[in-house]
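Okay, so here's the structure we're looking at.
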Amino acid sequence: MSAIIRMEGVYFSYSSEADSNPQQTQALQGVSLSIEPGEFVAIVGRNGSGKSTLAKQINAILTPTSGEVWVDGISTKDEDSVFAIRQVAGMVFQNPDNQIVATIVEEDVAFGPENLGVQPSEIRQRVDEALQLVRMSEYALHPPHLLSGGQKQRVAIAGVLAMHPKILILDESTAMLDPIGRKEVMETALRLNRERGMTVVLITHHMDEAVLAERVIVLDRGRVVLDGSNREVFKQVGRLRELGLDVPQVTSLAELLCEQGLSLPSDILTVAEMVEQLCQSK
């Protein structure tokens, strides 16, 4: 199976001209990675590590200063293919209000397909299907401004889904939400991945969200420093803290209990796993 996302030696620099002195800020430094169709990948790192810059490379919002990015076999440097890439890789940003453009939910979800020139009968079908996928069908005729933050973000996801992408990129999409809203968005992403086989790339600073991904990539100063399964990455508690990152609360608790003499695995990620291990240790 060929990778749906492939990066080779990707460098990217932001230019600034403060005080008339042009400066280059290196956001990505030699990133190489592959993501297979159907993977759920979390990308984490402290502020300024290059997470969002990397996400925007996948969607061709940004293109490499040097190196190559291929999305579904298409190079993001091919300017004639940018539209095609953005149909393959749909992106949901941090603030849902910045992506909602209509005054009625179903009209907002229809906006993307309409701009693709999709036939009206198919648009109706896509809108209904997308709202059903994010469990927002009952709000189809509601004004978006009356929805909660989590509901708005699910509408934004529906708007992306209506364009039939193969990849869903969530760029800090839960950062502005309360715990209920975060849970709603993460449940939607997991369902799309597990039931629909959609490739999901999650950019997050919430480690309790990252553990839900089957694979975790850690960035630091624009470089990939860790890349493995969620268990492989999160059991490296000391290394993650050196990189300025938290670890899942349950993993941190397991470490504290081990220090107190309990024999527990170093890769506990969920409350259910913790309960099971504590019951076995009695």
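Labels used: A, B, ... for chains in the order of the structure tokens, numbers from 1 for residues in each chain, and numbers from 1 for ligands as shown.
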Contacts of Cys258 in chain A at 12 Å (only C-alpha atoms; same-chain gap of 5+ positions) as a PyMOL selection string:
chain A and resi 251-253+263-266+268+277-278+281
Would you write out those residues with N, CA and C atoms, as an mmCIF file, in the first residue's frame?
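Okay, part_12.cif is ready:
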data_model
loop_
_atom_site.group_PDB
_atom_site.id
_atom_site.type_symbol
_atom_site.label_atom_id
_atom_site.label_comp_id
_atom_site.auth_asym_id
_atom_site.auth_seq_id
_atom_site.Cartn_x
_atom_site.Cartn_y
_atom_site.Cartn_z
ATOM 1 N N THR A 251 -0.815 7.894 32.744
ATOM 2 C CA THR A 251 0.588 7.468 32.628
ATOM 3 C C THR A 251 1.426 8.087 33.744
ATOM 4 N N SER A 252 1.159 9.361 34.034
ATOM 5 C CA SER A 252 1.864 10.035 35.118
ATOM 6 C C SER A 252 1.542 9.392 36.462
ATOM 7 N N LEU A 253 0.278 9.025 36.668
ATOM 8 C CA LEU A 253 -0.122 8.355 37.907
ATOM 9 C C LEU A 253 0.574 7.007 38.047
ATOM 10 N N SER A 263 4.155 -2.520 41.235
ATOM 11 C CA SER A 263 4.686 -3.003 39.962
ATOM 12 C C SER A 263 3.620 -2.835 38.882
ATOM 13 N N LEU A 264 3.790 -1.813 38.041
ATOM 14 C CA LEU A 264 2.835 -1.523 36.978
ATOM 15 C C LEU A 264 3.565 -1.350 35.654
ATOM 16 N N PRO A 265 2.919 -1.676 34.530
ATOM 17 C CA PRO A 265 3.541 -1.443 33.218
ATOM 18 C C PRO A 265 3.797 0.051 33.001
ATOM 19 N N SER A 266 4.790 0.348 32.177
ATOM 20 C CA SER A 266 5.141 1.756 31.925
ATOM 21 C C SER A 266 4.338 2.361 30.790
ATOM 22 N N ILE A 268 0.785 2.339 30.441
ATOM 23 C CA ILE A 268 -0.645 2.471 30.718
ATOM 24 C C ILE A 268 -1.126 3.809 30.157
ATOM 25 N N GLN A 277 -5.030 -3.117 35.856
ATOM 26 C CA GLN A 277 -3.709 -3.419 36.438
ATOM 27 C C GLN A 277 -3.747 -3.358 37.955
ATOM 28 N N LEU A 278 -4.474 -2.393 38.520
ATOM 29 C CA LEU A 278 -4.546 -2.306 39.979
ATOM 30 C C LEU A 278 -5.291 -3.503 40.558
ATOM 31 N N SER A 281 -2.968 -6.416 40.659
ATOM 32 C CA SER A 281 -1.838 -6.297 41.583
ATOM 33 C C SER A 281 -2.235 -6.589 43.023
#
Contacts of range 157-169 of chain A at 6 Å or less, counting only C-alpha atoms, minus same-chain residues fewer than 5 places along, as a ChimeraX atom specification?
/A:87-91,109,113,126-127,130-131,198-201
If you run DSSP over the backbone, which residues in range 10-258 of chain A end up alpha helix (DSSP H)? Put them as a PyMOL selection string.
chain A and resi 51-58+82-88+105-115+120-133+149-161+179-196+207-210+230-234+237-242+249-258
Each range 18-128 of chain A residue no farther than 12 Å from range 177-182 of chain A, nearest pair in Å, only C-alpha atoms, as JSON lines:
{"residue": "A:Gln94", "atom": "CA", "partner": "A:Leu177", "partner_atom": "CA", "distance": 9.2}
{"residue": "A:Asn95", "atom": "CA", "partner": "A:Leu177", "partner_atom": "CA", "distance": 9.1}
{"residue": "A:Pro96", "atom": "CA", "partner": "A:Leu177", "partner_atom": "CA", "distance": 9.9}
How would the residues just chosen look if you wrote them out with N, CA and C atoms as a PDB file, in the first residue's frame?
ATOM      1  N   GLN A  94      -8.649  25.873  14.255  1.00  0.00           N
ATOM      2  CA  GLN A  94      -8.861  26.014  15.691  1.00  0.00           C
ATOM      3  C   GLN A  94     -10.199  26.669  16.019  1.00  0.00           C
ATOM      4  N   ASN A  95     -10.550  27.728  15.305  1.00  0.00           N
ATOM      5  CA  ASN A  95     -11.753  28.489  15.619  1.00  0.00           C
ATOM      6  C   ASN A  95     -12.848  28.174  14.595  1.00  0.00           C
ATOM      7  N   PRO A  96     -13.898  27.457  14.992  1.00  0.00           N
ATOM      8  CA  PRO A  96     -14.936  27.090  14.024  1.00  0.00           C
ATOM      9  C   PRO A  96     -15.628  28.297  13.401  1.00  0.00           C
TER      10      PRO A  96
END
Determine which residues of range 61-111 of chain A DSSP labels as strand (DSSP E) from the backbone of this structure, then write them out as an MDAnalysis selection string.
chainID A and resid 66:71 74:75 89:92
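Excluding Ser148 in chain A and any residue on its chain fewer than 2 positions from it, the residues at most 12 Å away by only C-alpha atoms are Pro96, Asp97, Met136, Tyr139, His142, Pro143, Pro144, His145, Leu146, Gly150, Gln151, Lys152, Gln153, Arg154, Val155, Met176, Leu177, Asp178, Pro179, Ile180, Gly181, Arg182, Glu184 and Val185 of chain A.
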Can you pull out the residues contacting Val44 in chain A? Cut-off 7 Å, using only C-alpha atoms, and skip same-chain residues under 2 positions away; I want them as a VMD selection string.
chain A and resid 42 51 203 to 205 217 to 219
What does the file look like for those residues with N, CA, C and O atoms, as a short mmCIF file (atom, residue, chain, number, x, y, z; two decimals), in the first residue's frame?
data_model
loop_
_atom_site.label_atom_id
_atom_site.label_comp_id
_atom_site.auth_asym_id
_atom_site.auth_seq_id
_atom_site.Cartn_x
_atom_site.Cartn_y
_atom_site.Cartn_z
N ALA A 42 -1.42 11.35 15.54
CA ALA A 42 -1.37 12.58 16.32
C ALA A 42 0.01 13.19 16.19
O ALA A 42 1.02 12.48 16.29
N LYS A 51 4.23 22.16 14.46
CA LYS A 51 3.07 21.29 14.24
C LYS A 51 2.12 21.84 13.18
O LYS A 51 1.78 21.15 12.21
N ILE A 203 -3.50 17.47 15.06
CA ILE A 203 -2.51 18.35 15.67
C ILE A 203 -3.08 18.78 17.01
O ILE A 203 -4.17 19.37 17.07
N THR A 204 -2.38 18.48 18.09
CA THR A 204 -2.94 18.79 19.41
C THR A 204 -1.84 19.02 20.44
O THR A 204 -0.72 18.55 20.29
N HIS A 205 -2.21 19.76 21.49
CA HIS A 205 -1.32 19.87 22.65
C HIS A 205 -1.94 19.17 23.86
O HIS A 205 -1.39 19.24 24.96
N ILE A 217 3.55 11.29 16.54
CA ILE A 217 4.79 11.90 16.05
C ILE A 217 5.06 13.13 16.92
O ILE A 217 4.18 13.97 17.10
N VAL A 218 6.26 13.21 17.47
CA VAL A 218 6.64 14.35 18.31
C VAL A 218 7.62 15.23 17.54
O VAL A 218 8.65 14.75 17.05
N LEU A 219 7.28 16.51 17.45
CA LEU A 219 8.16 17.48 16.81
C LEU A 219 8.84 18.35 17.87
O LEU A 219 8.25 18.65 18.90
#
Val71 in chain A surroundings by only C-alpha atoms, 9 Å radius, close-in-sequence under 2 positions cut, as a VMD selection string
chain A and resid 3 to 7 58 to 59 69 73 to 76 85 88 to 89
Who sits within 10 Å of Ser15 in chain A, only C-alpha atoms, same chain under 6 positions skipped, as a ChimeraX atom specification:
/A:22-26
Those residues you just picked out, can you put them in a file as a CSV table (one decimal), in the first residue's frame with N, CA and C atoms?
chain,number,residue,atom,x,y,z
A,22,PRO,N,15.5,41.7,7.0
A,22,PRO,CA,14.9,40.4,6.7
A,22,PRO,C,15.5,39.3,7.5
A,23,GLN,N,14.6,38.5,8.1
A,23,GLN,CA,15.1,37.4,8.9
A,23,GLN,C,14.3,36.1,8.5
A,24,GLN,N,15.0,35.0,8.7
A,24,GLN,CA,14.4,33.7,8.4
A,24,GLN,C,14.2,32.9,9.6
A,25,THR,N,12.9,32.4,9.9
A,25,THR,CA,12.7,31.6,11.0
A,25,THR,C,12.4,30.2,10.5
A,26,GLN,N,13.3,29.3,10.8
A,26,GLN,CA,13.2,27.9,10.3
A,26,GLN,C,12.2,27.1,11.1
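Between CA of Arg196 in chain A and CA of Gly38 in chain A the interatomic distance comes to 8.6 Å.
Here CA of Ala140 in chain A is placed at a distance of 7.3 Å from CA of Ile104 in chain A.
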Provide the CA of Met274 in chain A to CA of Ser173 in chain A distance in Å, to one decimal place.
28.1 Å
